[in-house]
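Note: the block below is data11.txt and it holds compact mmCIF, C-alpha atoms and all ligand atoms.
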```txt
# COMPACT_ATOMS: atom_id res chain seq x y z
CA MET K 1047 -145.67 16.69 -22.84
CA LYS K 1048 -148.44 14.39 -21.72
CA LEU K 1049 -146.19 12.93 -19.08
CA ARG K 1050 -145.39 16.38 -17.78
CA LYS K 1051 -149.09 17.19 -17.47
CA VAL K 1052 -149.75 14.04 -15.48
CA THR K 1053 -146.84 14.82 -13.21
CA ALA K 1054 -148.09 18.33 -12.61
CA ALA K 1055 -151.56 17.00 -11.88
CA SER K 1056 -150.25 14.45 -9.37
CA ALA K 1057 -148.18 17.14 -7.74
CA ALA K 1058 -151.30 19.25 -7.33
CA VAL K 1059 -153.20 16.32 -5.83
CA LEU K 1060 -150.33 15.61 -3.50
CA ALA K 1061 -150.16 19.26 -2.42
CA LEU K 1062 -153.88 19.20 -1.68
CA ALA K 1063 -153.55 16.00 0.28
CA VAL K 1064 -150.71 17.44 2.36
CA ALA K 1065 -152.72 20.62 3.02
CA ALA K 1066 -155.76 18.57 4.01
CA THR K 1067 -153.71 16.49 6.42
CA ALA K 1068 -152.26 19.62 7.99
CA CYS K 1069 -155.73 21.12 8.45
CA GLY K 1070 -157.13 17.92 9.87
CA SER K 1071 -154.42 17.47 12.45
CA SER K 1072 -155.09 18.50 16.02
CA ASN K 1073 -151.79 20.38 16.24
CA ASN K 1074 -153.55 23.69 16.83
CA ASP K 1075 -155.24 22.26 19.87
CA LYS K 1076 -152.07 21.12 21.55
CA GLY K 1077 -152.00 22.16 25.12
CA SER K 1078 -155.28 24.03 24.89
CA GLY K 1079 -156.82 22.20 27.82
CA SER K 1080 -160.17 23.38 26.47
CA SER K 1081 -162.89 22.77 28.99
CA SER K 1082 -165.59 21.79 26.54
CA GLY K 1083 -163.54 19.26 24.61
CA GLY K 1084 -166.26 19.09 22.00
CA GLY K 1085 -164.97 17.16 19.02
CA LYS K 1086 -161.41 17.94 19.99
CA LYS K 1087 -159.01 15.20 20.92
CA ILE K 1088 -156.05 15.12 23.24
CA THR K 1089 -153.00 13.09 22.28
CA ILE K 1090 -151.18 11.30 25.08
CA GLY K 1091 -147.94 9.34 24.97
CA ILE K 1092 -147.73 6.11 26.94
CA LYS K 1093 -145.83 2.82 26.82
CA PHE K 1094 -147.49 0.03 24.87
CA ASP K 1095 -145.61 -2.98 26.23
CA GLN K 1096 -145.34 -2.53 30.00
CA PRO K 1097 -148.03 -4.53 31.82
CA GLY K 1098 -149.34 -2.73 34.93
CA ILE K 1099 -147.93 0.59 33.66
CA GLY K 1100 -148.90 1.17 30.05
CA GLN K 1101 -150.01 -1.60 27.74
CA LYS K 1102 -151.89 -1.91 24.49
CA THR K 1103 -154.10 -4.99 24.66
CA PRO K 1104 -156.76 -6.35 22.31
CA GLN K 1105 -159.32 -4.90 24.78
CA GLY K 1106 -157.76 -1.43 24.79
CA TYR K 1107 -155.16 0.41 26.85
CA ALA K 1108 -154.41 -0.47 30.46
CA GLY K 1109 -152.05 0.31 33.31
CA PHE K 1110 -151.31 2.84 36.03
CA ASP K 1111 -150.00 5.47 33.59
CA VAL K 1112 -153.12 5.00 31.46
CA ASP K 1113 -155.37 5.54 34.49
CA VAL K 1114 -153.40 8.59 35.63
CA ALA K 1115 -153.44 10.06 32.12
CA THR K 1116 -157.17 9.36 31.70
CA TYR K 1117 -157.93 11.08 35.02
CA VAL K 1118 -155.78 14.09 34.08
CA ALA K 1119 -157.34 14.32 30.60
CA LYS K 1120 -160.82 14.32 32.17
CA LYS K 1121 -159.83 17.23 34.41
CA LEU K 1122 -158.54 19.06 31.35
CA GLY K 1123 -161.93 18.62 29.67
CA TYR K 1124 -161.36 15.49 27.58
CA SER K 1125 -163.42 12.39 28.22
CA ALA K 1126 -161.81 8.98 27.65
CA ASP K 1127 -163.23 8.69 24.12
CA LYS K 1128 -161.43 11.91 23.18
CA ILE K 1129 -158.01 10.50 23.98
CA GLU K 1130 -155.68 9.41 21.21
CA TRP K 1131 -152.96 7.18 22.63
CA LYS K 1132 -149.50 7.16 21.06
CA GLU K 1133 -146.58 4.92 21.87
CA SER K 1134 -143.70 6.86 23.45
CA LYS K 1135 -140.64 4.65 23.62
CA SER K 1136 -138.03 5.73 26.16
CA ALA K 1137 -135.66 7.26 23.62
CA ASP K 1138 -138.40 9.15 21.78
CA ARG K 1139 -140.07 11.03 24.63
CA GLU K 1140 -138.29 14.39 24.62
CA THR K 1141 -138.45 14.63 20.82
CA MET K 1142 -142.16 13.77 20.73
CA LEU K 1143 -142.90 16.56 23.20
CA GLN K 1144 -140.65 19.07 21.47
CA ARG K 1145 -142.22 18.32 18.06
CA GLY K 1146 -145.76 18.54 19.47
CA ASP K 1147 -146.59 14.94 18.48
CA VAL K 1148 -148.34 14.56 21.85
CA ASP K 1149 -149.89 16.94 24.39
CA PHE K 1150 -148.35 15.13 27.32
CA ILE K 1151 -146.51 11.93 28.17
CA ALA K 1152 -147.21 9.54 31.05
CA ALA K 1153 -144.82 6.70 30.32
CA SER K 1154 -142.77 5.60 33.37
CA TYR K 1155 -140.98 8.88 32.67
CA SER K 1156 -138.49 9.82 35.38
CA ILE K 1157 -137.93 13.47 36.16
CA THR K 1158 -134.22 14.23 35.74
CA PRO K 1159 -132.22 17.49 35.54
CA GLU K 1160 -130.95 16.43 32.10
CA ARG K 1161 -134.45 15.95 30.70
CA GLU K 1162 -135.65 19.15 32.33
CA LYS K 1163 -133.32 21.02 29.98
CA SER K 1164 -135.60 20.13 27.06
CA VAL K 1165 -139.05 19.40 28.56
CA ASP K 1166 -141.10 20.28 31.65
CA PHE K 1167 -142.59 17.81 34.12
CA ALA K 1168 -145.75 17.87 36.21
CA GLY K 1169 -145.71 15.61 39.24
CA PRO K 1170 -144.12 13.44 40.48
CA TYR K 1171 -147.03 10.99 40.72
CA LEU K 1172 -145.12 7.78 41.57
CA LEU K 1173 -141.81 6.91 43.20
CA ALA K 1174 -140.22 3.73 41.81
CA HIS K 1175 -136.70 2.31 42.17
CA GLN K 1176 -134.30 0.75 39.71
CA ASP K 1177 -133.99 -2.99 40.21
CA VAL K 1178 -133.08 -6.15 38.30
CA LEU K 1179 -135.10 -9.05 36.98
CA VAL K 1180 -133.20 -12.33 36.85
CA ARG K 1181 -134.05 -15.96 36.12
CA ALA K 1182 -135.76 -17.59 39.11
CA ASN K 1183 -133.02 -20.24 39.42
CA ASP K 1184 -130.10 -17.77 39.28
CA SER K 1185 -128.56 -17.21 42.71
CA SER K 1186 -125.38 -15.54 41.45
CA ILE K 1187 -126.73 -11.97 41.62
CA LYS K 1188 -126.96 -11.18 45.32
CA SER K 1189 -126.09 -7.48 45.26
CA PRO K 1190 -125.75 -4.69 42.70
CA ALA K 1191 -121.96 -5.22 42.69
CA ASP K 1192 -122.47 -8.72 41.21
CA LEU K 1193 -123.90 -7.08 38.09
CA ASN K 1194 -120.40 -5.98 37.05
CA LYS K 1195 -119.64 -9.51 35.87
CA LYS K 1196 -122.93 -9.96 34.04
CA ASN K 1197 -124.69 -9.41 30.73
CA LEU K 1198 -127.37 -6.83 31.33
CA CYS K 1199 -130.18 -5.61 29.15
CA SER K 1200 -131.95 -2.27 29.28
CA VAL K 1201 -133.47 0.33 27.00
CA THR K 1202 -131.92 3.11 24.95
CA GLY K 1203 -132.72 6.57 26.30
CA SER K 1204 -133.70 5.31 29.77
CA THR K 1205 -132.28 6.36 33.10
CA SER K 1206 -131.87 2.61 33.76
CA ALA K 1207 -129.25 2.19 31.02
CA GLN K 1208 -127.53 5.46 31.91
CA ASN K 1209 -127.29 4.54 35.61
CA VAL K 1210 -125.65 1.19 34.81
CA HIS K 1211 -122.94 2.96 32.81
CA ASP K 1212 -122.47 5.84 35.22
CA LYS K 1213 -122.64 4.29 38.66
CA LEU K 1214 -124.40 0.97 39.22
CA ALA K 1215 -122.28 -1.50 37.27
CA PRO K 1216 -119.86 0.29 34.92
CA LYS K 1217 -118.07 -2.99 34.10
CA ALA K 1218 -121.19 -4.90 33.07
CA GLN K 1219 -121.83 -5.85 29.46
CA LEU K 1220 -124.90 -3.79 28.65
CA GLN K 1221 -127.15 -4.47 25.69
CA LYS K 1222 -129.64 -1.76 24.84
CA TYR K 1223 -132.92 -2.45 23.09
CA PRO K 1224 -135.75 -0.09 22.10
CA THR K 1225 -138.19 -1.67 24.60
CA TYR K 1226 -138.00 -3.68 27.83
CA SER K 1227 -140.19 -6.43 26.43
CA ALA K 1228 -137.45 -7.04 23.84
CA CYS K 1229 -135.06 -7.87 26.72
CA LEU K 1230 -137.32 -10.57 28.12
CA THR K 1231 -136.67 -13.10 25.36
CA GLY K 1232 -132.94 -12.80 25.99
CA LEU K 1233 -133.44 -13.26 29.72
CA GLN K 1234 -135.46 -16.40 29.14
CA SER K 1235 -132.97 -17.91 26.68
CA GLY K 1236 -129.92 -17.08 28.82
CA ALA K 1237 -128.46 -14.60 26.31
CA ILE K 1238 -128.63 -12.02 29.07
CA ASP K 1239 -128.40 -12.46 32.85
CA ALA K 1240 -130.51 -9.56 34.07
CA LEU K 1241 -132.96 -7.00 32.83
CA THR K 1242 -132.60 -3.75 34.68
CA THR K 1243 -135.15 -0.97 35.01
CA ASP K 1244 -137.77 0.29 37.49
CA ASP K 1245 -139.18 -2.26 39.96
CA SER K 1246 -142.69 -1.08 39.00
CA ILE K 1247 -142.09 -2.27 35.43
CA LEU K 1248 -140.25 -5.47 36.34
CA ALA K 1249 -143.00 -6.58 38.74
CA GLY K 1250 -145.49 -6.29 35.89
CA TYR K 1251 -143.45 -8.56 33.64
CA ALA K 1252 -142.71 -11.12 36.36
CA SER K 1253 -146.43 -11.53 37.09
CA GLN K 1254 -147.44 -12.26 33.49
CA ALA K 1255 -149.01 -15.69 33.05
CA GLN K 1256 -146.43 -16.79 30.47
CA TYR K 1257 -143.52 -15.91 32.79
CA LYS K 1258 -144.99 -17.23 36.07
CA GLY K 1259 -142.21 -18.74 38.18
CA LYS K 1260 -139.53 -18.00 35.57
CA PHE K 1261 -138.17 -14.67 36.83
CA LYS K 1262 -137.59 -12.92 40.16
CA LEU K 1263 -136.78 -9.35 41.23
CA GLY K 1264 -133.52 -8.57 43.03
CA GLY K 1265 -135.21 -6.12 45.45
CA PHE K 1266 -132.16 -3.82 45.33
CA LYS K 1267 -133.81 -0.34 45.23
CA MET K 1268 -130.74 1.09 43.50
CA THR K 1269 -132.16 4.53 42.60
CA ASN K 1270 -135.16 6.80 43.05
CA GLU K 1271 -137.24 7.14 39.89
CA ASN K 1272 -139.74 9.99 40.27
CA TYR K 1273 -142.37 9.55 37.56
CA GLY K 1274 -143.52 12.83 36.07
CA ILE K 1275 -145.89 13.80 33.31
CA GLY K 1276 -143.85 15.33 30.52
CA VAL K 1277 -145.08 18.42 28.69
CA LYS K 1278 -143.55 20.78 26.16
CA LYS K 1279 -141.15 23.29 27.76
CA GLY K 1280 -143.04 26.33 29.02
CA SER K 1281 -146.47 24.73 28.54
CA ALA K 1282 -149.34 26.04 30.66
CA LEU K 1283 -150.46 22.42 30.96
CA LYS K 1284 -147.93 21.75 33.71
CA ALA K 1285 -149.84 23.73 36.37
CA LYS K 1286 -153.19 22.25 35.29
CA ILE K 1287 -151.82 18.71 35.38
CA ASN K 1288 -150.29 19.30 38.82
CA LYS K 1289 -153.71 20.36 40.09
CA ALA K 1290 -155.31 17.26 38.54
CA LEU K 1291 -152.68 15.00 40.14
CA GLU K 1292 -153.35 16.58 43.54
CA ASP K 1293 -157.08 15.94 43.06
CA MET K 1294 -156.40 12.35 42.03
CA VAL K 1295 -154.60 11.69 45.31
CA SER K 1296 -157.06 13.56 47.54
CA ASP K 1297 -160.23 11.99 46.10
CA GLY K 1298 -158.85 8.46 46.43
CA SER K 1299 -158.59 7.74 42.68
CA TRP K 1300 -154.79 7.45 42.91
CA GLU K 1301 -155.01 4.70 45.54
CA THR K 1302 -157.69 2.89 43.53
CA ALA K 1303 -155.50 2.98 40.41
CA VAL K 1304 -152.50 1.73 42.39
CA LYS K 1305 -154.44 -1.25 43.79
CA LYS K 1306 -155.99 -2.11 40.44
CA ASN K 1307 -152.76 -2.00 38.44
CA PHE K 1308 -150.04 -3.02 40.90
CA GLY K 1309 -152.08 -5.37 43.09
CA PRO K 1310 -152.02 -8.28 40.61
CA ALA K 1311 -148.20 -8.03 40.36
CA GLY K 1312 -147.77 -7.88 44.14
CA TYR K 1313 -145.83 -4.63 43.68
CA LYS K 1314 -145.41 -2.73 46.94
CA ASN K 1315 -145.56 0.89 45.88
CA GLU K 1316 -144.32 3.90 47.81
CA PRO K 1317 -146.93 6.38 49.11
CA ALA K 1318 -148.12 9.12 46.76
CA PRO K 1319 -145.32 11.66 46.33
CA LYS K 1320 -145.86 15.37 47.03
CA ILE K 1321 -146.26 17.41 43.88
CA GLY K 1322 -143.07 19.33 43.15
CA VAL K 1323 -140.92 17.24 45.50
CA VAL K 1324 -138.43 15.10 43.56
CA LYS K 1325 -136.43 12.62 45.66
CA SER K 1326 -132.81 12.33 44.56
N1 LIG K 1401 -138.16 5.50 34.59
C1 LIG K 1401 -137.02 5.27 33.77
C2 LIG K 1401 -136.89 6.31 32.67
O1 LIG K 1401 -137.62 7.22 32.60
C3 LIG K 1401 -137.00 3.88 33.17
C4 LIG K 1401 -138.28 3.46 32.54
C5 LIG K 1401 -138.43 3.89 31.11
O2 LIG K 1401 -137.50 3.80 30.32
O3 LIG K 1401 -139.54 4.29 30.77
O4 LIG K 1401 -136.02 6.25 31.87
```
Can I see the file as structure tokens?
Amino acid sequence: MKLRKVTAASAAVLALAVAATACGSSNNDKGSGSSSGGGKKITIGIKFDQPGIGQKTPQGYAGFDVDVATYVAKKLGYSADKIEWKESKSADRETMLQRGDVDFIAASYSITPEREKSVDFAGPYLLAHQDVLVRANDSSIKSPADLNKKNLCSVTGSTSAQNVHDKLAPKAQLQKYPTYSACLTGLQSGAIDALTTDDSILAGYASQAQYKGKFKLGGFKMTNENYGIGVKKGSALKAKINKALEDMVSDGSWETAVKKNFGPAGYKNEPAPKIGVVKS
């Protein structure tokens, strides 16, 4: 009897807690783009482990995607202190947008017809190319065809992994991890021969102090990766974000962000893409 009472009481407390959490969440604000911002926050998905692109550091969040997202958020009415950053791993991005976990995603997120079935994209705001990162002393990978005899590493849910299977090196042994940083240990130890993804990401890793002189990029430009900002399908945010991206290029902030984030890695970026023009 007593036990039952306690259980009922805890259930009531739990129900209250759940209700409170639901009320406190910013779900109702998703995609509002409210101009005042006020106390409201915007939730943005980025990568946490990609130096130069999206990285969580002890000092805060940094990278090109972070700067683009911060600029866009500002135009939508949210100052930097109103941004809540969430990690969006490659395989989680569509689901996070569909569930409303985030308002938008800027996470080295290539626009593809397959992804456009479930989410919408603003942009593109950067054109990158799939490449490989190999050990500095490895001269056996001279062209993409050489990858067919190699152990490759890439990330689940990425275009990089899909492209290896479908066209780039169908005979390669491909290991898939949740993040690119997880591949780096294997590359260093020799467990894998090459890490393959966008050159913009690989340049960031290669330039890290702890990897200086250890790795090199192939320079193969195997694909076009048009980075877009992902939003929920049908969201009115897409048009607003496109406008913000256009402003970012025309007022020079895009170029500044490129120099700041890619300069240290020596990454030679392509010019700013035209909004709505996806290069296949
Ligand atoms: N840009 C590619 C993609 O969207 C590779 C980078 C990544 O996984 O974030 O899949």
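Considering the residues K:Pro1190, K:Val1277, K:Gly1232, K:Lys1135 and counting only C-alpha atoms, Thr1089 of chain K has its shortest atom-to-atom contact with K:Val1277.
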- Counting only C-alpha atoms, the residue of K:Val1304, K:Ala1207, K:Ala1168, K:Ile1247 that sits nearest Ala1290 of chain K: K:Ala1168
- Enumerate as a ChimeraX atom specification the residues within 7 Å of ligand LIG 1401 (chain K), counting all atoms listed in the file. /K:1136,1153-1156,1201,1203-1206,1243-1244,1271,1273
Include C-alpha atoms and write out the residues we just selected as a short mmCIF file (atom, residue, chain, number, x, y, z; two decimals), keeping the file's coordinate frame.
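Final file, part-v1.cif:
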```cif
data_model
loop_
_atom_site.label_atom_id
_atom_site.label_comp_id
_atom_site.auth_asym_id
_atom_site.auth_seq_id
_atom_site.Cartn_x
_atom_site.Cartn_y
_atom_site.Cartn_z
CA SER K 1136 -138.03 5.73 26.16
CA ALA K 1153 -144.82 6.70 30.32
CA SER K 1154 -142.77 5.60 33.37
CA TYR K 1155 -140.98 8.88 32.67
CA SER K 1156 -138.49 9.82 35.38
CA VAL K 1201 -133.47 0.33 27.00
CA GLY K 1203 -132.72 6.57 26.30
CA SER K 1204 -133.70 5.31 29.77
CA THR K 1205 -132.28 6.36 33.10
CA SER K 1206 -131.87 2.61 33.76
CA THR K 1243 -135.15 -0.97 35.01
CA ASP K 1244 -137.77 0.29 37.49
CA GLU K 1271 -137.24 7.14 39.89
CA TYR K 1273 -142.37 9.55 37.56
#
```
- Excluding Ala1182 of chain K and any residue of its chain fewer than 4 positions from it, enumerate the residues within 7 Å of it, using all atoms listed in the file, and give them as a PyMOL selection string. chain K and resi 1259-1262
- Message: Need the shell around Pro1097 of chain K: protein/DNA/RNA residues with any atom at most 8 Å away, counting all atoms listed in the file. Skip same-chain ones fewer than 4 positions apart. Format as a ChimeraX atom specification?
- Response: /K:1101,1108-1109,1247,1250-1251,1254
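Distance annotation: of K:Val1324, K:Leu1263, K:Ala1252, K:Val1210, the residue with the minimal separation from Asn1194 of chain K is K:Val1210; atom set is all atoms listed in the file.
Residues in contact with His1211 of chain K at 12 Å, where all atoms listed in the file are counted and same-chain residues fewer than 4 positions away are skipped, are listed as Leu1193, Asn1194, Leu1198, Cys1199, Ser1200, Thr1202, Ser1204, Thr1205, Ser1206, Ala1207, Ala1215, Pro1216, Lys1217, Ala1218, Gln1219, Leu1220, Gln1221, Lys1222 and Thr1242 of chain K.
Taking atom CA of Phe1308 of chain K as the reference point, atom CA of Gly1274 of chain K is found at 17.8 Å.
From atom CA of Ser1186 of chain K back to atom CA of Gly1264 of chain K, the distance works out to 10.8 Å.
If you measure from each of K:Ala1318, K:Lys1325, K:Asp1138, K:Gln1105 to Met1294 of chain K using all atoms listed in the file, the closest one turns out to be K:Ala1318.
Atom CA of Asp1127 of chain K sits 10.3 Å away from atom CA of Lys1086 of chain K.
Residue nearest Gln1176 of chain K, chosen from K:Gly1236, K:Gly1265, K:Gly1098, K:Gly1276 and counting all atoms listed in the file: K:Gly1265.
Shortest separation to Val1114 of chain K among K:Asp1293, K:Glu1316, K:Glu1130, K:Asp1177 occurs at residue K:Asp1293, atoms counted being all atoms listed in the file.
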